[in-house]
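Okay, target_6.txt now, which holds compact mmCIF, C-alpha atoms:
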```
# COMPACT_ATOMS: atom_id res chain seq x y z
CA MET A 26 -30.12 7.04 -37.50
CA ASP A 27 -28.58 9.09 -40.21
CA THR A 28 -31.02 8.92 -43.10
CA LYS A 29 -34.38 10.55 -43.57
CA LEU A 30 -35.94 7.09 -43.87
CA ASP A 31 -34.42 6.04 -40.54
CA MET A 32 -35.76 9.14 -38.80
CA MET A 33 -39.25 8.64 -40.23
CA SER A 34 -39.26 4.98 -39.23
CA PHE A 35 -38.08 5.86 -35.73
CA SER A 36 -40.90 8.40 -35.38
CA ILE A 37 -43.41 5.68 -36.23
CA LEU A 38 -41.78 3.30 -33.74
CA ARG A 39 -41.65 5.84 -30.93
CA ASN A 40 -45.27 6.94 -31.30
CA ALA A 41 -46.61 3.43 -31.86
CA ARG A 42 -44.84 2.19 -28.74
CA LYS A 43 -46.22 5.14 -26.78
CA ALA A 44 -49.76 4.41 -28.04
CA LYS A 45 -49.53 0.76 -27.07
CA ASN A 46 -48.17 1.55 -23.60
CA LEU A 47 -50.93 4.07 -22.98
CA ALA A 48 -53.56 1.58 -24.13
CA TYR A 49 -52.33 -1.01 -21.65
CA LYS A 50 -52.24 1.60 -18.89
CA ALA A 51 -55.86 2.36 -19.77
CA LEU A 52 -56.69 -1.33 -19.43
CA LYS A 53 -55.11 -1.44 -15.97
CA GLN A 54 -57.09 1.63 -14.92
CA MET A 55 -60.28 0.07 -16.22
CA LYS A 56 -59.60 -3.11 -14.26
CA ALA A 57 -59.06 -0.97 -11.16
CA GLY A 58 -62.45 0.67 -11.72
CA ASN A 59 -61.03 4.04 -12.77
CA LEU A 60 -63.09 4.45 -15.92
CA ASP A 61 -62.48 8.19 -16.36
CA GLU A 62 -58.71 7.68 -16.15
CA ALA A 63 -58.97 4.77 -18.59
CA LYS A 64 -60.83 6.94 -21.09
CA GLU A 65 -58.24 9.72 -20.77
CA LEU A 66 -55.39 7.28 -21.35
CA ILE A 67 -57.10 5.73 -24.38
CA ALA A 68 -57.58 9.26 -25.80
CA GLN A 69 -53.85 9.86 -25.35
CA SER A 70 -53.20 6.52 -27.05
CA ASP A 71 -55.32 7.64 -30.02
CA GLU A 72 -53.31 10.87 -30.22
CA ALA A 73 -50.01 8.94 -30.29
CA THR A 74 -51.46 6.61 -32.94
CA ASN A 75 -52.43 9.61 -35.06
CA MET A 76 -48.87 10.92 -34.80
CA ALA A 77 -47.49 7.52 -35.83
CA GLN A 78 -49.88 7.39 -38.78
CA ALA A 79 -48.87 10.89 -39.89
CA ALA A 80 -45.23 9.82 -39.80
CA GLU A 81 -46.17 6.69 -41.73
CA ASN A 82 -47.87 8.80 -44.41
CA ASP A 83 -44.75 10.97 -44.71
CA LEU A 84 -42.60 7.87 -44.96
CA LEU A 85 -44.77 6.29 -47.64
CA ASP A 86 -44.71 9.52 -49.65
CA PHE A 87 -40.92 9.58 -49.35
CA VAL A 88 -40.51 5.92 -50.34
CA GLN A 89 -42.32 6.45 -53.64
CA GLY A 90 -39.49 7.00 -56.04
CA ASN A 91 -36.92 5.91 -53.45
CA GLU A 92 -37.85 2.22 -53.26
CA ASP A 93 -34.19 1.23 -53.23
CA GLN A 94 -33.87 2.85 -49.78
CA VAL A 95 -36.54 0.72 -48.09
CA GLU A 96 -34.94 -1.12 -45.22
CA THR A 97 -35.86 -3.35 -42.31
CA TRP A 98 -36.71 -0.27 -40.23
CA LEU A 99 -39.74 0.33 -42.40
CA GLU A 100 -41.10 -3.16 -41.86
CA HIS A 101 -40.29 -3.07 -38.15
CA SER A 102 -42.00 0.29 -37.64
CA GLN A 103 -45.07 -0.89 -39.56
CA ASP A 104 -45.29 -3.97 -37.31
CA HIS A 105 -45.21 -1.79 -34.21
CA LEU A 106 -47.85 0.54 -35.58
CA MET A 107 -50.22 -2.28 -36.45
CA SER A 108 -49.83 -4.01 -33.08
CA SER A 109 -50.39 -0.74 -31.21
CA MET A 110 -53.50 0.01 -33.27
CA LEU A 111 -54.85 -3.46 -32.56
CA ALA A 112 -54.19 -3.12 -28.82
CA THR A 113 -55.79 0.31 -28.66
CA GLU A 114 -58.92 -0.70 -30.55
CA THR A 115 -59.34 -3.90 -28.53
CA ILE A 116 -58.93 -2.07 -25.24
CA LYS A 117 -61.41 0.61 -26.35
CA GLU A 118 -63.97 -2.13 -26.90
CA MET A 119 -63.19 -3.60 -23.49
CA ILE A 120 -63.69 -0.22 -21.82
CA GLU A 121 -67.05 0.18 -23.56
CA MET A 122 -68.09 -3.31 -22.46
CA TYR A 123 -66.99 -2.60 -18.89
CA GLU A 124 -68.89 0.69 -18.88
CA ALA A 125 -72.05 -0.98 -20.24
CA ALA A 126 -71.82 -3.74 -17.62
CA ARG A 127 -71.62 -1.16 -14.84
CA ALA A 128 -74.69 0.72 -16.09
```
So that I can check it, write out the structure of this file as structure tokens.
Amino acid sequence: MDTKLDMMSFSILRNARKAKNLAYKALKQMKAGNLDEAKELIAQSDEATNMAQAAENDLLDFVQGNEDQVETWLEHSQDHLMSSMLATETIKEMIEMYEAARA
């Protein structure tokens, strides 16, 4: 990781992976009946997603005018971000459904 692009891509990867892991931990807590813990974990997942998206915005700003530097890292980090966002949003919906079913 020696270029600015690499570091930006790695920041997206790290935060997206963290968001996805937290979302799945939230799902496990929900399944165990620990709804408050699940909500806390999903909030942490959202925070990690926001950090990944901020890094993505920085990266996209950097790439404009430096298109020749776009590498596989960019695509790979974008894939991780999208899959973590999908997992988090799906698990949020599941938590809401679980909470409504318990009411």
Let me have the centre and edge lengths in Å, one decimal, of the box along x, y and z around every listed atom of stretch 70-78 of chain A with 6 Å of margin on each side, as JSON.
```
{"center_x": -51.4, "center_y": 8.7, "center_z": -32.9, "size_x": 19.8, "size_y": 16.4, "size_z": 23.7}
```
Which neighbours of A:Ser102 fall inside 8 Å, counting only C-alpha atoms, when residues of the same chain fewer than 4 positions from it are skipped, and could you give them as a VMD selection string? chain A and resid 34 to 35 37 to 38 98 106
Here atom CA of A:Ala68 and atom CA of A:Tyr123 stand apart by 16.6 Å
Excluding A:Gln69 and any residue of its chain fewer than 4 positions from it, enumerate the residues within 7 Å of it, using only C-alpha atoms, and give them as a list in words. Leu47, Glu65 and Ala73 of chain A
Suppose we keep C-alpha atoms; can you now write the selection as a PDB file, in the coordinates of the input?
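Generated output (part_18.pdb):
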```
ATOM      1  CA  LEU A  47     -50.930   4.070 -22.980  1.00  0.00           C
ATOM      2  CA  GLU A  65     -58.240   9.720 -20.770  1.00  0.00           C
ATOM      3  CA  ALA A  73     -50.010   8.940 -30.290  1.00  0.00           C
TER       4      ALA A  73
END
```
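With only C-alpha atoms as the atoms that count, the residue of A:Asn59, A:Asn40, A:Met32, A:Thr74 with the shortest distance to A:Leu111 is A:Thr74.
Computed from the coordinates, the atom CA of A:Met55 to atom CA of A:Met122 distance equals 10.6 Å.
For the pair atom CA of A:Asp71 and atom CA of A:Ala44, the separation is 6.7 Å.
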Residues near A:Ala112, cut-off 8 Å, only C-alpha atoms, skip fewer than 3 positions along chain, as a list in words: Lys45, Ala48, Tyr49, Ser108, Ser109, Thr115 and Ile116 of chain A
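For the set A:Glu81, A:Glu62, A:Glu72, A:Glu121, the residue with the smallest atom-to-atom gap to A:Glu100 is A:Glu81, counting only C-alpha atoms.
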Compute the distance from (-45.3, 3.6, -45.6) to each atom, counting all atoms listed in the file, keep the residues with any atom at most 10 Å away, and return them as a compact mmCIF listing (two decimals) with C-alpha atoms, in the coordinates of the input; use the coordinates of the file.
```txt
# COMPACT_ATOMS: atom_id res chain seq x y z
CA MET A 33 -39.25 8.64 -40.23
CA SER A 34 -39.26 4.98 -39.23
CA ILE A 37 -43.41 5.68 -36.23
CA GLN A 78 -49.88 7.39 -38.78
CA ALA A 79 -48.87 10.89 -39.89
CA ALA A 80 -45.23 9.82 -39.80
CA GLU A 81 -46.17 6.69 -41.73
CA ASN A 82 -47.87 8.80 -44.41
CA ASP A 83 -44.75 10.97 -44.71
CA LEU A 84 -42.60 7.87 -44.96
CA LEU A 85 -44.77 6.29 -47.64
CA ASP A 86 -44.71 9.52 -49.65
CA PHE A 87 -40.92 9.58 -49.35
CA VAL A 88 -40.51 5.92 -50.34
CA GLN A 89 -42.32 6.45 -53.64
CA VAL A 95 -36.54 0.72 -48.09
CA LEU A 99 -39.74 0.33 -42.40
CA GLU A 100 -41.10 -3.16 -41.86
CA SER A 102 -42.00 0.29 -37.64
CA GLN A 103 -45.07 -0.89 -39.56
```
Provide stretch 63-74 of chain A rebuilt to all heavy atoms, formatted as an mmCIF file, in the coordinates of the input.
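Okay, this is what ended up in rebuild-v3.cif:
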```cif
data_model
loop_
_atom_site.group_PDB
_atom_site.id
_atom_site.type_symbol
_atom_site.label_atom_id
_atom_site.label_comp_id
_atom_site.auth_asym_id
_atom_site.auth_seq_id
_atom_site.Cartn_x
_atom_site.Cartn_y
_atom_site.Cartn_z
ATOM 1 N N ALA A 63 -59.147 5.673 -17.445
ATOM 2 C CA ALA A 63 -58.970 4.770 -18.590
ATOM 3 C C ALA A 63 -59.323 5.476 -19.894
ATOM 4 O O ALA A 63 -58.600 5.360 -20.886
ATOM 5 C CB ALA A 63 -59.823 3.515 -18.408
ATOM 6 N N LYS A 64 -60.413 6.216 -19.882
ATOM 7 C CA LYS A 64 -60.830 6.940 -21.090
ATOM 8 C C LYS A 64 -59.814 8.010 -21.476
ATOM 9 O O LYS A 64 -59.543 8.217 -22.660
ATOM 10 C CB LYS A 64 -62.206 7.556 -20.888
ATOM 11 C CG LYS A 64 -63.325 6.537 -20.880
ATOM 12 C CD LYS A 64 -64.658 7.233 -20.666
ATOM 13 C CE LYS A 64 -65.815 6.273 -20.715
ATOM 14 N NZ LYS A 64 -67.095 6.966 -20.542
ATOM 15 N N GLU A 65 -59.263 8.695 -20.490
ATOM 16 C CA GLU A 65 -58.240 9.720 -20.770
ATOM 17 C C GLU A 65 -56.998 9.082 -21.378
ATOM 18 O O GLU A 65 -56.428 9.600 -22.339
ATOM 19 C CB GLU A 65 -57.888 10.478 -19.486
ATOM 20 C CG GLU A 65 -56.748 11.468 -19.661
ATOM 21 C CD GLU A 65 -57.004 12.543 -20.690
ATOM 22 O OE1 GLU A 65 -58.160 12.955 -20.888
ATOM 23 O OE2 GLU A 65 -56.019 12.984 -21.330
ATOM 24 N N LEU A 66 -56.580 7.960 -20.831
ATOM 25 C CA LEU A 66 -55.390 7.280 -21.350
ATOM 26 C C LEU A 66 -55.627 6.750 -22.757
ATOM 27 O O LEU A 66 -54.729 6.816 -23.605
ATOM 28 C CB LEU A 66 -54.967 6.150 -20.409
ATOM 29 C CG LEU A 66 -54.336 6.621 -19.100
ATOM 30 C CD1 LEU A 66 -54.311 5.483 -18.078
ATOM 31 C CD2 LEU A 66 -52.937 7.158 -19.349
ATOM 32 N N ILE A 67 -56.816 6.252 -23.033
ATOM 33 C CA ILE A 67 -57.100 5.730 -24.380
ATOM 34 C C ILE A 67 -57.150 6.898 -25.369
ATOM 35 O O ILE A 67 -56.736 6.756 -26.520
ATOM 36 C CB ILE A 67 -58.381 4.868 -24.386
ATOM 37 C CG1 ILE A 67 -58.211 3.627 -25.293
ATOM 38 C CG2 ILE A 67 -59.588 5.595 -24.893
ATOM 39 C CD1 ILE A 67 -57.211 2.663 -25.016
ATOM 40 N N ALA A 68 -57.604 8.070 -24.932
ATOM 41 C CA ALA A 68 -57.580 9.260 -25.800
ATOM 42 C C ALA A 68 -56.141 9.651 -26.116
ATOM 43 O O ALA A 68 -55.819 10.014 -27.262
ATOM 44 C CB ALA A 68 -58.331 10.417 -25.146
ATOM 45 N N GLN A 69 -55.270 9.573 -25.117
ATOM 46 C CA GLN A 69 -53.850 9.860 -25.350
ATOM 47 C C GLN A 69 -53.241 8.816 -26.286
ATOM 48 O O GLN A 69 -52.390 9.140 -27.128
ATOM 49 C CB GLN A 69 -53.095 9.880 -24.023
ATOM 50 C CG GLN A 69 -53.452 11.042 -23.134
ATOM 51 C CD GLN A 69 -52.764 10.954 -21.781
ATOM 52 O OE1 GLN A 69 -51.696 10.371 -21.637
ATOM 53 N NE2 GLN A 69 -53.393 11.552 -20.780
ATOM 54 N N SER A 70 -53.674 7.585 -26.154
ATOM 55 C CA SER A 70 -53.200 6.520 -27.050
ATOM 56 C C SER A 70 -53.608 6.826 -28.490
ATOM 57 O O SER A 70 -52.810 6.655 -29.420
ATOM 58 C CB SER A 70 -53.768 5.165 -26.599
ATOM 59 O OG SER A 70 -53.381 4.145 -27.488
ATOM 60 N N ASP A 71 -54.849 7.264 -28.671
ATOM 61 C CA ASP A 71 -55.320 7.640 -30.020
ATOM 62 C C ASP A 71 -54.467 8.766 -30.597
ATOM 63 O O ASP A 71 -54.131 8.751 -31.781
ATOM 64 C CB ASP A 71 -56.779 8.088 -29.974
ATOM 65 C CG ASP A 71 -57.755 6.936 -29.927
ATOM 66 O OD1 ASP A 71 -57.387 5.807 -30.320
ATOM 67 O OD2 ASP A 71 -58.903 7.168 -29.497
ATOM 68 N N GLU A 72 -54.129 9.738 -29.765
ATOM 69 C CA GLU A 72 -53.310 10.870 -30.220
ATOM 70 C C GLU A 72 -51.929 10.384 -30.680
ATOM 71 O O GLU A 72 -51.427 10.804 -31.735
ATOM 72 C CB GLU A 72 -53.172 11.879 -29.091
ATOM 73 C CG GLU A 72 -52.503 13.162 -29.492
ATOM 74 C CD GLU A 72 -52.478 14.167 -28.352
ATOM 75 O OE1 GLU A 72 -53.502 14.320 -27.663
ATOM 76 O OE2 GLU A 72 -51.429 14.804 -28.169
ATOM 77 N N ALA A 73 -51.320 9.484 -29.906
ATOM 78 C CA ALA A 73 -50.010 8.940 -30.290
ATOM 79 C C ALA A 73 -50.128 8.117 -31.568
ATOM 80 O O ALA A 73 -49.245 8.165 -32.428
ATOM 81 C CB ALA A 73 -49.435 8.104 -29.152
ATOM 82 N N THR A 74 -51.228 7.382 -31.711
ATOM 83 C CA THR A 74 -51.460 6.610 -32.940
ATOM 84 C C THR A 74 -51.571 7.537 -34.130
ATOM 85 O O THR A 74 -50.998 7.269 -35.200
ATOM 86 C CB THR A 74 -52.718 5.740 -32.809
ATOM 87 O OG1 THR A 74 -52.531 4.788 -31.753
ATOM 88 C CG2 THR A 74 -53.015 4.993 -34.102
#
```
